[in-house]
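**Q** Input input-v8.txt, format and content: compact mmCIF, C-alpha atoms.
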```txt
# COMPACT_ATOMS: atom_id res chain seq x y z
CA MET A 1 118.64 73.19 89.65
CA THR A 2 121.44 75.73 89.11
CA VAL A 3 122.29 78.60 91.41
CA TRP A 4 120.79 81.04 88.89
CA ASP A 5 117.54 79.08 88.77
CA THR A 6 117.34 79.15 92.56
CA ILE A 7 117.96 82.91 92.67
CA TRP A 8 115.38 83.53 89.95
CA LYS A 9 112.75 81.43 91.70
CA CYS A 10 113.25 83.55 94.84
CA GLU A 11 111.70 86.46 92.95
CA LEU A 12 108.38 85.73 94.69
CA ALA A 13 109.87 86.42 98.12
CA PHE A 14 111.92 89.37 96.85
CA GLU A 15 108.96 91.08 95.18
CA MET A 16 106.64 90.44 98.11
CA LEU A 17 109.16 91.99 100.50
CA LEU A 18 109.74 94.95 98.19
CA PHE A 19 106.06 95.73 97.64
CA SER A 20 105.23 95.15 101.32
CA PHE A 21 107.93 97.56 102.50
CA ILE A 22 106.71 100.20 100.03
CA MET A 23 103.09 99.91 101.17
CA CYS A 24 104.15 99.98 104.81
CA ARG A 25 106.33 103.06 104.29
CA HIS A 26 104.19 105.25 106.56
CA PHE A 27 103.63 102.59 109.23
CA VAL A 28 105.15 103.08 112.68
CA LYS A 29 108.65 101.60 112.68
CA LYS A 30 110.02 99.59 115.56
CA SER A 31 113.36 100.34 117.20
CA PHE A 32 116.48 99.20 115.31
CA PHE A 33 114.34 99.25 112.17
CA TRP A 34 117.08 98.75 109.58
CA LEU A 35 118.64 95.90 111.54
CA ARG A 36 115.23 94.27 111.65
CA VAL A 37 114.78 94.83 107.90
CA ILE A 38 118.12 93.14 107.11
CA ALA A 39 117.57 90.24 109.50
CA GLY A 40 113.93 89.63 108.56
CA SER A 41 114.53 89.92 104.82
CA GLY A 42 117.56 87.65 105.03
CA ILE A 43 115.61 84.93 106.82
CA CYS A 44 112.73 85.26 104.35
CA LEU A 45 114.99 85.03 101.27
CA PHE A 46 117.03 82.17 102.72
CA GLY A 47 113.86 80.23 103.58
CA SER A 48 112.55 80.90 100.08
CA ALA A 49 115.77 79.55 98.54
CA LEU A 50 115.49 76.36 100.57
CA ILE A 51 111.86 75.88 99.57
CA VAL A 52 112.25 76.42 95.82
CA SER A 53 115.38 74.25 95.63
CA SER A 54 113.44 71.27 97.01
CA THR A 55 110.18 71.83 95.09
CA ARG A 56 109.46 69.35 92.28
CA THR A 57 105.69 69.23 91.76
CA MET A 58 102.74 71.58 91.82
CA TRP A 59 101.42 70.13 95.06
CA GLU A 60 104.79 70.84 96.70
CA SER A 61 104.81 74.42 95.39
CA ILE A 62 101.50 75.35 97.05
CA PRO A 63 102.78 74.89 100.65
CA GLY A 64 105.95 76.66 99.53
CA VAL A 65 104.01 79.72 98.39
CA ILE A 66 102.08 79.75 101.66
CA ILE A 67 105.31 79.56 103.69
CA ILE A 68 106.92 82.36 101.65
CA PHE A 69 103.82 84.52 102.14
CA LEU A 70 103.91 83.93 105.90
CA LEU A 71 107.66 84.64 106.09
CA SER A 72 107.16 87.92 104.24
CA MET A 73 104.26 88.92 106.45
CA LEU A 74 106.14 88.00 109.63
CA THR A 75 109.02 90.17 108.44
CA MET A 76 106.63 93.13 108.33
CA VAL A 77 105.31 92.28 111.79
CA PHE A 78 108.93 92.10 112.99
CA CYS A 79 109.66 95.59 111.58
CA TYR A 80 106.47 97.61 112.24
CA GLU A 81 104.31 98.49 115.25
CA ASN A 82 101.02 98.50 113.34
CA PRO A 83 98.33 95.89 114.09
CA VAL A 84 98.67 92.52 112.37
CA ARG A 85 95.40 93.04 110.46
CA GLU A 86 96.86 96.14 108.77
CA ILE A 87 100.05 94.30 107.86
CA PHE A 88 97.96 91.38 106.59
CA PHE A 89 96.17 93.81 104.25
CA THR A 90 99.45 95.04 102.75
CA SER A 91 100.80 91.49 102.45
CA VAL A 92 97.75 90.35 100.47
CA ALA A 93 98.05 93.41 98.22
CA ALA A 94 101.77 92.73 97.75
CA TYR A 95 101.11 89.10 96.78
CA ILE A 96 98.44 90.03 94.24
CA THR A 97 100.71 92.74 92.82
CA GLN A 98 103.50 90.19 92.49
CA ILE A 99 101.25 87.89 90.46
CA ILE A 100 100.34 90.78 88.13
CA LEU A 101 103.99 91.73 87.66
CA TYR A 102 105.01 88.15 86.92
CA SER A 103 102.13 87.68 84.47
CA VAL A 104 103.03 90.87 82.58
CA PHE A 105 106.68 89.81 82.49
CA ILE A 106 105.86 86.35 81.07
CA LEU A 107 103.52 87.83 78.47
CA LEU A 108 106.08 90.36 77.24
CA GLN A 109 108.88 87.79 77.36
CA THR A 110 106.82 85.46 75.19
CA PHE A 111 105.71 88.13 72.70
CA LEU A 112 109.22 89.57 72.41
CA ASN A 113 110.74 86.08 72.26
CA ILE A 114 113.29 86.79 75.00
CA SER A 115 114.78 83.67 76.52
CA GLY A 116 117.69 84.97 78.58
CA GLY A 117 120.73 87.19 78.72
CA ILE A 118 120.85 90.97 79.14
CA ALA A 119 117.48 91.47 77.45
CA PHE A 120 115.85 89.13 79.97
CA ILE A 121 117.32 91.00 82.95
CA GLY A 122 116.64 94.40 81.36
CA LEU A 123 112.98 93.59 80.77
CA TYR A 124 112.55 92.42 84.35
CA VAL A 125 114.28 95.52 85.80
CA VAL A 126 112.15 97.89 83.70
CA LEU A 127 108.90 96.18 84.67
CA LEU A 128 109.94 96.09 88.32
CA LEU A 129 110.65 99.85 88.31
CA VAL A 130 107.30 100.52 86.65
CA ALA A 131 105.55 98.36 89.24
CA VAL A 132 107.32 100.19 92.10
CA CYS A 133 106.23 103.57 90.69
CA LEU A 134 102.63 102.39 90.33
CA VAL A 135 102.57 100.98 93.85
CA LEU A 136 103.97 104.25 95.21
CA HIS A 137 101.55 106.39 93.23
CA PHE A 138 98.35 104.45 93.78
CA MET A 139 98.43 101.90 96.59
CA GLU A 140 100.85 103.48 99.04
CA ARG A 141 99.20 106.88 98.64
CA LYS A 142 95.75 105.42 99.29
CA LEU A 143 97.05 103.65 102.39
CA GLU A 144 98.59 106.91 103.63
CA GLU A 145 95.25 108.70 103.22
CA MET A 146 93.42 106.08 105.29
CA GLU A 147 93.53 106.63 109.04
CA HIS A 148 92.76 102.98 109.72
CA ILE A 149 92.68 99.82 107.63
CA THR A 150 89.24 98.42 108.40
CA VAL A 151 88.92 95.49 105.97
CA GLN A 152 87.91 92.29 107.73
CA PRO A 153 90.55 89.49 107.85
CA GLY A 154 88.02 86.96 106.52
CA PHE A 155 87.53 89.02 103.38
CA LEU A 156 91.31 89.31 102.93
CA LEU A 157 91.65 85.54 103.30
CA LEU A 158 89.10 85.09 100.53
CA LEU A 159 91.08 87.44 98.25
CA LEU A 160 94.31 85.62 99.11
CA PHE A 161 92.76 82.22 98.42
CA THR A 162 91.34 83.41 95.10
CA ALA A 163 94.68 84.85 94.00
CA GLY A 164 96.46 81.64 95.00
CA MET A 165 93.99 79.55 93.03
CA LEU A 166 94.54 81.71 89.97
CA ASP A 167 98.30 81.59 90.31
CA THR A 168 98.83 77.89 90.95
CA VAL A 169 95.91 75.48 90.94
CA PHE A 170 94.16 76.91 87.88
CA LYS A 171 97.30 76.68 85.77
CA PHE A 172 98.53 73.28 86.86
CA TYR A 173 95.20 71.52 87.20
CA MET A 174 92.85 73.17 84.72
CA VAL A 175 95.38 73.77 81.93
CA ASP A 176 97.76 70.84 82.26
CA ASN A 177 95.53 68.03 83.55
CA MET A 178 92.13 68.79 82.04
CA LEU A 179 93.34 70.03 78.67
CA GLY A 180 96.34 67.73 78.63
CA ILE A 181 98.40 70.23 76.64
CA GLU A 182 100.11 73.52 77.22
CA SER A 183 100.40 75.27 73.91
CA LYS A 184 101.72 78.79 73.61
CA GLU A 185 98.22 80.15 73.00
CA ILE A 186 96.74 78.42 76.05
CA PHE A 187 99.65 79.55 78.21
CA LEU A 188 99.27 83.18 77.12
CA ALA A 189 95.50 83.03 77.59
CA TRP A 190 95.97 81.73 81.11
CA LYS A 191 98.50 84.46 81.97
CA SER A 192 96.25 87.16 80.51
CA PHE A 193 93.29 85.86 82.50
CA SER A 194 95.39 85.69 85.67
CA MET A 195 96.61 89.27 85.21
CA VAL A 196 93.14 90.73 84.58
CA ALA A 197 91.58 88.75 87.42
CA CYS A 198 94.25 89.92 89.88
CA LEU A 199 93.80 93.52 88.77
CA LEU A 200 90.11 93.15 89.61
CA LEU A 201 91.02 91.63 92.98
CA LEU A 202 93.22 94.64 93.76
CA ALA A 203 90.42 96.99 92.72
CA VAL A 204 88.00 95.12 94.99
CA GLN A 205 90.47 95.13 97.89
CA PHE A 206 91.19 98.87 97.80
CA GLY A 207 87.59 99.72 96.90
CA THR A 208 86.43 97.86 99.99
CA LEU A 209 89.06 99.67 102.05
CA LYS A 210 87.81 103.06 100.85
CA ARG A 211 84.16 102.16 101.42
CA ASN A 212 84.86 100.85 104.92
CA SER A 213 86.94 103.92 105.72
CA ILE A 214 84.12 106.23 104.62
CA SER A 215 81.63 104.23 106.71
CA ALA A 216 83.93 104.37 109.74
CA GLN A 217 84.40 108.12 109.39
CA LYS A 218 80.66 108.62 109.01
CA GLN A 219 80.06 106.61 112.18
CA GLN A 220 82.68 108.65 114.05
CA LEU A 221 81.09 111.89 112.88
CA GLU A 222 77.66 110.67 113.95
CA ASN A 223 79.10 109.78 117.36
CA LEU A 224 80.63 113.25 117.51
CA LEU A 225 77.25 114.81 116.75
CA TYR A 226 75.67 112.76 119.54
CA GLN A 227 78.40 113.72 121.99
CA LYS A 228 77.98 117.40 121.14
CA GLN A 229 74.23 117.05 121.66
CA GLN A 230 74.78 115.43 125.07
CA GLN A 231 77.31 118.11 125.97
CA TYR A 232 74.80 120.79 125.01
CA GLU A 233 72.08 119.29 127.21
CA LEU A 234 74.47 119.18 130.16
CA SER A 235 75.69 122.72 129.49
CA ARG A 236 72.13 124.03 129.18
CA LYS A 237 71.12 122.57 132.53
CA ASN A 238 74.31 123.84 134.19
CA MET A 239 73.86 127.33 132.75
CA GLU A 240 70.26 127.50 133.91
CA LEU A 241 71.26 126.43 137.42
CA ILE A 242 74.18 128.86 137.55
CA ASN A 243 72.08 131.77 136.33
CA ILE A 244 69.41 131.08 138.95
CA LYS A 245 72.03 130.95 141.70
CA CYS A 246 73.80 134.05 140.44
CA HIS A 247 70.51 135.93 140.20
CA ASP A 248 69.75 135.11 143.85
CA LEU A 249 73.31 135.96 144.90
CA LYS A 250 73.17 139.38 143.26
CA HIS A 251 70.08 140.33 145.23
CA TRP A 252 71.65 139.01 148.41
CA PHE A 253 74.89 140.85 147.64
CA LYS A 254 73.07 144.18 147.16
CA ARG A 255 71.41 143.83 150.56
CA ILE A 256 74.64 143.23 152.46
CA GLN A 257 76.89 145.49 150.36
CA GLY A 258 76.00 148.60 152.36
CA LEU A 259 76.60 146.77 155.64
CA SER A 260 80.07 145.50 154.85
CA GLY A 261 82.02 148.69 155.45
CA SER A 262 84.95 150.16 153.56
CA ALA A 263 87.25 147.28 154.56
CA TYR A 264 85.25 144.95 152.38
CA GLU A 265 84.83 147.27 149.38
CA LYS A 266 87.69 145.80 147.35
CA GLU A 267 86.53 142.23 147.95
CA ALA A 268 82.99 143.29 147.19
CA GLN A 269 84.07 144.70 143.84
CA GLU A 270 85.80 141.42 142.95
CA ILE A 271 82.70 139.44 143.87
CA GLN A 272 80.52 141.82 141.88
CA LYS A 273 82.84 141.43 138.87
CA ALA A 274 82.65 137.64 139.12
CA LEU A 275 78.87 137.76 139.27
CA THR A 276 78.55 140.05 136.24
CA ILE A 277 80.28 137.45 134.07
CA TYR A 278 77.05 135.50 134.07
CA ASP A 279 75.16 138.52 132.76
CA SER A 280 77.02 138.18 129.46
CA MET A 281 74.50 135.69 128.13
CA PHE A 282 74.31 135.64 124.35
CA GLN A 283 70.87 136.35 122.93
CA THR A 284 71.13 135.53 119.25
CA GLY A 285 67.59 134.33 118.69
CA ASN A 286 68.50 130.65 118.96
CA GLN A 287 68.47 128.92 122.35
CA VAL A 288 70.97 126.23 121.38
CA LEU A 289 73.45 128.71 119.91
CA ASP A 290 73.06 130.98 122.96
CA THR A 291 73.97 128.15 125.31
CA ILE A 292 76.98 127.04 123.27
CA LEU A 293 78.39 130.56 122.82
CA THR A 294 77.82 131.51 126.47
CA GLU A 295 79.58 128.40 127.73
CA LYS A 296 82.50 128.93 125.33
CA LYS A 297 82.73 132.62 126.29
CA LEU A 298 83.01 131.74 129.97
CA TYR A 299 85.88 129.42 129.14
CA CYS A 300 87.48 132.14 127.01
CA GLU A 301 87.12 134.72 129.78
CA TYR A 302 88.90 132.40 132.20
CA ASN A 303 91.72 131.76 129.71
CA LYS A 304 92.09 135.43 128.67
CA ILE A 305 90.64 134.92 125.19
CA ASN A 306 88.38 137.56 123.68
CA MET A 307 85.46 136.02 121.79
CA THR A 308 82.92 138.15 119.94
CA CYS A 309 79.90 136.99 117.99
CA ILE A 310 77.26 138.80 115.96
CA ALA A 311 74.60 136.34 114.89
CA GLU A 312 71.14 136.18 113.40
CA GLY A 313 70.38 133.05 115.37
CA GLU A 314 66.80 132.78 114.19
CA LYS A 315 68.10 131.96 110.71
CA LEU A 316 69.52 128.67 112.03
CA ASP A 317 66.04 127.25 112.47
CA PHE A 318 66.47 124.60 109.77
CA LEU A 319 69.40 122.98 111.61
CA SER A 320 68.79 120.34 114.27
CA GLU A 321 70.08 120.83 117.81
CA SER A 322 72.85 118.28 117.30
CA GLU A 323 73.93 119.96 114.05
CA ILE A 324 74.12 123.40 115.69
CA CYS A 325 76.06 121.91 118.61
CA SER A 326 78.54 120.19 116.33
CA LEU A 327 78.84 123.03 113.83
CA PHE A 328 79.52 125.90 116.24
CA GLY A 329 81.07 123.73 118.95
CA ASN A 330 83.75 122.55 116.53
CA ILE A 331 84.28 126.02 115.05
CA VAL A 332 84.89 127.57 118.47
CA ASP A 333 86.87 124.61 119.84
CA ASN A 334 89.27 124.71 116.89
CA ALA A 335 89.68 128.48 117.27
CA VAL A 336 90.29 128.22 121.03
CA THR A 337 92.93 125.54 120.45
CA ALA A 338 94.70 127.79 117.93
CA VAL A 339 94.75 131.03 119.95
CA SER A 340 95.58 129.32 123.25
CA HIS A 341 99.16 128.85 122.01
CA LEU A 342 99.64 132.57 121.26
CA LYS A 343 101.78 134.54 123.70
CA ASP A 344 100.53 137.91 122.44
CA GLU A 345 97.24 138.43 124.32
CA GLU A 346 96.05 140.99 121.77
CA LYS A 347 95.94 138.23 119.17
CA ARG A 348 94.01 135.85 121.41
CA THR A 349 90.75 136.83 119.74
CA ILE A 350 87.96 134.88 118.06
CA ASN A 351 85.43 136.62 115.83
CA ILE A 352 82.24 134.95 114.61
CA LEU A 353 79.67 136.42 112.25
CA VAL A 354 76.39 134.68 111.34
CA ARG A 355 74.11 136.52 108.93
CA THR A 356 72.06 136.16 105.76
CA ARG A 357 73.41 137.22 102.39
CA GLY A 358 70.63 137.11 99.85
CA ASN A 359 69.25 133.58 99.85
CA PHE A 360 72.26 132.21 101.73
CA LEU A 361 73.18 131.76 105.36
CA SER A 362 76.74 132.99 105.86
CA ILE A 363 78.92 131.80 108.75
CA HIS A 364 82.34 133.39 109.10
CA GLU A 365 84.97 132.79 111.78
CA GLU A 366 88.52 134.13 112.01
CA ASN A 367 91.33 133.85 114.50
CA TYR A 368 95.10 134.16 114.66
CA PHE A 369 97.39 131.13 114.73
CA GLU A 370 101.09 130.26 114.85
CA GLY A 371 103.10 127.63 112.99
CA GLU A 372 102.36 125.79 109.79
CA LEU A 373 99.14 124.01 108.91
CA LYS A 374 99.27 121.03 106.55
CA GLU A 375 96.44 120.95 104.02
CA SER A 376 94.15 117.94 103.75
CA ALA A 377 91.01 117.01 101.83
CA ASP A 378 88.79 118.62 104.49
CA GLY A 379 90.88 121.76 104.98
CA PHE A 380 93.87 121.30 107.30
CA GLU A 381 95.19 118.41 109.34
CA THR A 382 94.91 118.45 113.10
CA THR A 383 97.94 119.77 114.97
CA LYS A 384 97.37 117.29 117.80
CA LYS A 385 99.68 114.30 118.07
CA ASP A 386 96.92 111.68 118.37
CA LYS A 387 95.61 112.02 114.81
CA ALA A 388 93.61 108.81 115.09
CA HIS A 389 91.24 110.36 117.65
CA HIS A 390 91.39 114.01 116.57
CA GLY A 391 90.95 115.99 113.37
CA PHE A 392 87.23 115.31 112.96
CA GLY A 393 86.14 118.91 113.65
CA LEU A 394 86.50 120.23 110.10
CA LYS A 395 85.16 116.95 108.69
CA SER A 396 82.05 117.29 110.82
CA ILE A 397 81.59 120.93 109.79
CA ARG A 398 81.97 120.02 106.12
CA MET A 399 79.57 117.08 106.42
CA ILE A 400 76.84 119.25 107.95
CA THR A 401 77.42 121.98 105.35
CA GLU A 402 77.23 119.57 102.43
CA ASN A 403 74.12 117.91 103.86
CA TYR A 404 72.37 121.21 103.13
CA HIS A 405 74.01 121.68 99.71
CA GLY A 406 76.31 124.35 101.13
CA ASN A 407 79.94 125.20 100.56
CA MET A 408 82.79 125.50 103.05
CA SER A 409 86.15 127.14 102.43
CA VAL A 410 89.12 127.30 104.78
CA THR A 411 92.16 129.56 104.45
CA ALA A 412 95.24 130.12 106.58
CA GLU A 413 97.36 133.04 105.40
CA ASN A 414 99.66 135.54 107.15
CA GLY A 415 98.90 134.04 110.54
CA VAL A 416 95.12 134.40 110.19
CA PHE A 417 92.79 131.41 109.96
CA ASN A 418 89.42 131.88 108.24
CA ILE A 419 86.50 129.56 107.80
CA ASN A 420 83.61 130.59 105.55
CA ILE A 421 80.37 128.66 105.15
CA LEU A 422 77.54 129.40 102.73
CA ILE A 423 74.32 127.40 103.00
CA PRO A 424 71.37 128.08 100.68
CA LEU A 425 68.17 128.99 102.47
CA VAL A 426 66.18 127.31 99.69
CA THR A 427 66.83 123.75 98.52
CA PRO A 428 66.27 122.81 94.87
CA LEU A 429 64.11 119.73 94.39
CA LYS A 430 63.10 117.70 91.35
CA GLU A 431 61.09 119.25 88.51
CA GLY A 432 62.27 122.78 89.34
CA LYS A 433 60.37 123.05 92.64
CA ILE A 434 61.98 124.62 95.67
CA VAL A 435 61.29 124.45 99.37
CA SER A 436 62.28 127.12 101.86
CA LYS A 437 64.27 126.12 104.92
CA VAL A 438 63.62 129.39 106.71
CA GLY A 439 60.92 129.30 109.35
CA ARG A 440 61.03 125.57 110.15
CA ALA A 441 60.54 126.15 113.86
CA ASP A 442 59.15 122.76 114.74
CA ARG A 443 62.45 121.74 116.36
CA ARG A 444 63.21 124.99 118.15
CA ASN A 445 61.85 127.60 120.58
CA ASP A 446 63.44 131.02 119.87
CA PHE A 447 64.06 133.70 122.48
CA GLY A 448 64.36 136.46 119.86
CA GLY A 449 66.83 139.29 119.69
CA THR A 450 70.43 139.59 118.51
CA LEU A 451 73.70 140.37 120.16
```
Turn the structure described in the file into structure tokens.

**A**
Amino acid sequence: MTVWDTIWKCELAFEMLLFSFIMCRHFVKKSFFWLRVIAGSGICLFGSALIVSSTRTMWESIPGVIIIFLLSMLTMVFCYENPVREIFFTSVAAYITQIILYSVFILLQTFLNISGGIAFIGLYVVLLLVAVCLVLHFMERKLEEMEHITVQPGFLLLLLFTAGMLDTVFKFYMVDNMLGIESKEIFLAWKSFSMVACLLLLAVQFGTLKRNSISAQKQQLENLLYQKQQQYELSRKNMELINIKCHDLKHWFKRIQGLSGSAYEKEAQEIQKALTIYDSMFQTGNQVLDTILTEKKLYCEYNKINMTCIAEGEKLDFLSESEICSLFGNIVDNAVTAVSHLKDEEKRTINILVRTRGNFLSIHEENYFEGELKESADGFETTKKDKAHHGFGLKSIRMITENYHGNMSVTAENGVFNINILIPLVTPLKEGKIVSKVGRADRRNDFGGTL
């Protein structure tokens, strides 16, 4: 085997490394990253050269492919902080992509009757550049959009085994041994089959990733709804207890106020001011909304944030307690996070408006903000550093809105953040029938009144 043959046969390791590094582009890099890339890639390519130079038969090539795959994957583990299961996903995708590239190259080389020279190298370089662009545009972008890679290792092993069977055993055993011949037509048919099958494997791999990611997000949002519901129950009980105590304290305070003397007047005024905070209970017509807004307002008062709300709470009757908790809890929490960073106290305001507009429930919230917000599919990305455990607020709001066939829009212009939600108060059903959502009071006891 010549030096050129050895270099050419190392294309498996080279392409796997190239595609793996592209797909891992947004992974967390370890320290001395480029030194690790050079050292890891060098070891992988050198090991590949040793393997291919000593390979003579098909049965020797199979362990060689496995070793090259492991060397490439270990190089990624050596260079990136991400979990091994995520790197395993990219390595499997890189291997399948390599098979597709090689199959396309062989097919075009055969059809164009290119056997070597500049045309051979030119064809390979062009196809490699096309493959890199496709990987960047489709696979790497999809991986960047996913917060976690949740495909099970067993499923990835099955994909890897299937691709390996297509690439090696099927060709050598089925074509050579069973048919006993390897004509040009059979060879091209095998390569075409291998290419199409591997394309399907890639589609299955990334389709499974997307489906699992959607399921994981749905589970996280459901957990968030449950947590908001539990938080509401705790807040409701605390607010009831506090109001009872404050009510008793006010009567006690009035009895002793006249006996305290002028020396205690200033302190008495401060105590009276503290007690009147608990008189600012919201009365929107919805018990759950009242509790949430009152609790948030107390927090805002303490942190010098002005929160106002005008709401027709009785119109929220069709929403469950957990949905109201999550919807308005996330709206206010996001607004509080934004205005808390503002130094200008006049801009530390949150305005909420809940009303009906025709046959729609309209929810509007606006607040000031500083800095730049990066757009995402659900509105804007979280500004918190731990993106893996934050950023579900807008997703939860959108999920609840879309569950009721509503629409949510988010804007951030000139330092003002707006969120607008429209939910139809009638839901279209099959055969042109409609059902009204207004007045479904089986889940709720209303206090009545508006703020």

**Q** Excluding same-chain residues fewer than 4 positions from segment 27-30 of chain A, what lies within 6 Å of it counting only C-alpha atoms, as a VMD selection string?

**A** chain A and resid 79 to 81

**Q** In terms of the shortest atom-to-atom distance over only C-alpha atoms, which of A:Ile38, A:Ile423, A:Met16, A:Leu159 is closest to Gln98 of chain A?

**A**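 Smallest distance to Gln98 of chain A is found for A:Met16.
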
**Q** Could you state the separation of atom CA of Gly207 of chain A and atom CA of Ile67 of chain A in Å, given to one decimal place?

**A**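 Separation between atom CA of Gly207 of chain A and atom CA of Ile67 of chain A: 27.7 Å.
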
**Q** Find the residue from A:Ser194, A:Asn334, A:Gln217, A:Ser362 that sits nearest to Ala311 of chain A; use all atoms listed in the file when measuring.

**A**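 Once distances to Ala311 of chain A are computed over all atoms listed in the file, the minimum belongs to A:Ser362.
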
**Q** Return the single residue from A:Asn306, A:Phe360, A:Phe138, A:Tyr368 that is closest to Gly406 of chain A, with distances computed using all atoms listed in the file.

**A**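 Distance minimum relative to Gly406 of chain A lands on A:Phe360.
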
**Q** Do you know which residues are at most 10 Å from segment 115-129 of chain A counting only C-alpha atoms, after dropping those on the same chain fewer than 2 positions away, and could you put them as a PyMOL selection string?

**A** chain A and resi 15+18+98+101-102+104-106+108-110+112-113+131-135

**Q** How far is it from atom CA of Ile214 of chain A to atom CA of Thr162 of chain A, in Å with one decimal?

**A**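 Straight-line distance from atom CA of Ile214 of chain A to atom CA of Thr162 of chain A works out to 25.8 Å.
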
**Q** Excluding Ile310 of chain A and its own-chain neighbours fewer than 5 positions away, which residues fall within 10 Å of it when counting all atoms listed in the file? Please give them as an mmCIF file with C-alpha atoms, in the coordinates of the input.

**A**
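Below is the file result07.cif, written as the result:
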```cif
data_model
loop_
_atom_site.group_PDB
_atom_site.id
_atom_site.type_symbol
_atom_site.label_atom_id
_atom_site.label_comp_id
_atom_site.auth_asym_id
_atom_site.auth_seq_id
_atom_site.Cartn_x
_atom_site.Cartn_y
_atom_site.Cartn_z
ATOM 1 C CA PHE A 282 74.310 135.640 124.350
ATOM 2 C CA GLN A 283 70.870 136.350 122.930
ATOM 3 C CA THR A 284 71.130 135.530 119.250
ATOM 4 C CA ASN A 351 85.430 136.620 115.830
ATOM 5 C CA ILE A 352 82.240 134.950 114.610
ATOM 6 C CA LEU A 353 79.670 136.420 112.250
ATOM 7 C CA VAL A 354 76.390 134.680 111.340
ATOM 8 C CA ARG A 355 74.110 136.520 108.930
ATOM 9 C CA THR A 450 70.430 139.590 118.510
ATOM 10 C CA LEU A 451 73.700 140.370 120.160
#
```

**Q** Could you please determine the separation between atom CA of His405 of chain A and atom CA of Lys315 of chain A in Å, to one decimal place?

**A**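 Going from atom CA of His405 of chain A over to atom CA of Lys315 of chain A, I get 16.2 Å.
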
**Q** Would you list the contacts of Leu12 of chain A as number ranges by chain, taking every protein, DNA or RNA residue within 12 Å and counting all atoms listed in the file, but skipping same-chain residues closer than 4 positions in sequence?

**A** A: 6-8, 16-20, 44-45, 47-49, 51-52, 61, 64-69, 71-72, 94-102, 167

**Q** Could you save the residues just selected, with C-alpha atoms, as a PDB file, keeping the file's coordinate frame?

**A**
```
ATOM      1  CA  THR A   6     117.340  79.150  92.560  1.00  0.00           C
ATOM      2  CA  ILE A   7     117.960  82.910  92.670  1.00  0.00           C
ATOM      3  CA  TRP A   8     115.380  83.530  89.950  1.00  0.00           C
ATOM      4  CA  MET A  16     106.640  90.440  98.110  1.00  0.00           C
ATOM      5  CA  LEU A  17     109.160  91.990 100.500  1.00  0.00           C
ATOM      6  CA  LEU A  18     109.740  94.950  98.190  1.00  0.00           C
ATOM      7  CA  PHE A  19     106.060  95.730  97.640  1.00  0.00           C
ATOM      8  CA  SER A  20     105.230  95.150 101.320  1.00  0.00           C
ATOM      9  CA  CYS A  44     112.730  85.260 104.350  1.00  0.00           C
ATOM     10  CA  LEU A  45     114.990  85.030 101.270  1.00  0.00           C
ATOM     11  CA  GLY A  47     113.860  80.230 103.580  1.00  0.00           C
ATOM     12  CA  SER A  48     112.550  80.900 100.080  1.00  0.00           C
ATOM     13  CA  ALA A  49     115.770  79.550  98.540  1.00  0.00           C
ATOM     14  CA  ILE A  51     111.860  75.880  99.570  1.00  0.00           C
ATOM     15  CA  VAL A  52     112.250  76.420  95.820  1.00  0.00           C
ATOM     16  CA  SER A  61     104.810  74.420  95.390  1.00  0.00           C
ATOM     17  CA  GLY A  64     105.950  76.660  99.530  1.00  0.00           C
ATOM     18  CA  VAL A  65     104.010  79.720  98.390  1.00  0.00           C
ATOM     19  CA  ILE A  66     102.080  79.750 101.660  1.00  0.00           C
ATOM     20  CA  ILE A  67     105.310  79.560 103.690  1.00  0.00           C
ATOM     21  CA  ILE A  68     106.920  82.360 101.650  1.00  0.00           C
ATOM     22  CA  PHE A  69     103.820  84.520 102.140  1.00  0.00           C
ATOM     23  CA  LEU A  71     107.660  84.640 106.090  1.00  0.00           C
ATOM     24  CA  SER A  72     107.160  87.920 104.240  1.00  0.00           C
ATOM     25  CA  ALA A  94     101.770  92.730  97.750  1.00  0.00           C
ATOM     26  CA  TYR A  95     101.110  89.100  96.780  1.00  0.00           C
ATOM     27  CA  ILE A  96      98.440  90.030  94.240  1.00  0.00           C
ATOM     28  CA  THR A  97     100.710  92.740  92.820  1.00  0.00           C
ATOM     29  CA  GLN A  98     103.500  90.190  92.490  1.00  0.00           C
ATOM     30  CA  ILE A  99     101.250  87.890  90.460  1.00  0.00           C
ATOM     31  CA  ILE A 100     100.340  90.780  88.130  1.00  0.00           C
ATOM     32  CA  LEU A 101     103.990  91.730  87.660  1.00  0.00           C
ATOM     33  CA  TYR A 102     105.010  88.150  86.920  1.00  0.00           C
ATOM     34  CA  ASP A 167      98.300  81.590  90.310  1.00  0.00           C
TER      35      ASP A 167
END
```

**Q** List as a ChimeraX atom specification the residues having at least one atom at most 12 Å from position (99.7, 96.4, 109.2) as given in the file, counting only C-alpha atoms.

**A** /A:20-21,23-29,73-93,143-144,147-151,153

**Q** Please, what is the axis-aligned box for every listed atom of segment 311-317 of chain A with 5 Å on each side, as centre and edge lengths in Å to one decimal, as AutoDock Vina command-line options?

**A**
```
--center_x 70.3 --center_y 131.8 --center_z 113.0 --size_x 18.6 --size_y 19.1 --size_z 14.7
```

**Q** Of the candidates A:Glu365, A:Glu321, A:Ile397, A:Ile350, which shows the shortest atom-to-atom distance to Thr411 of chain A, using all atoms listed in the file?

**A** A:Glu365
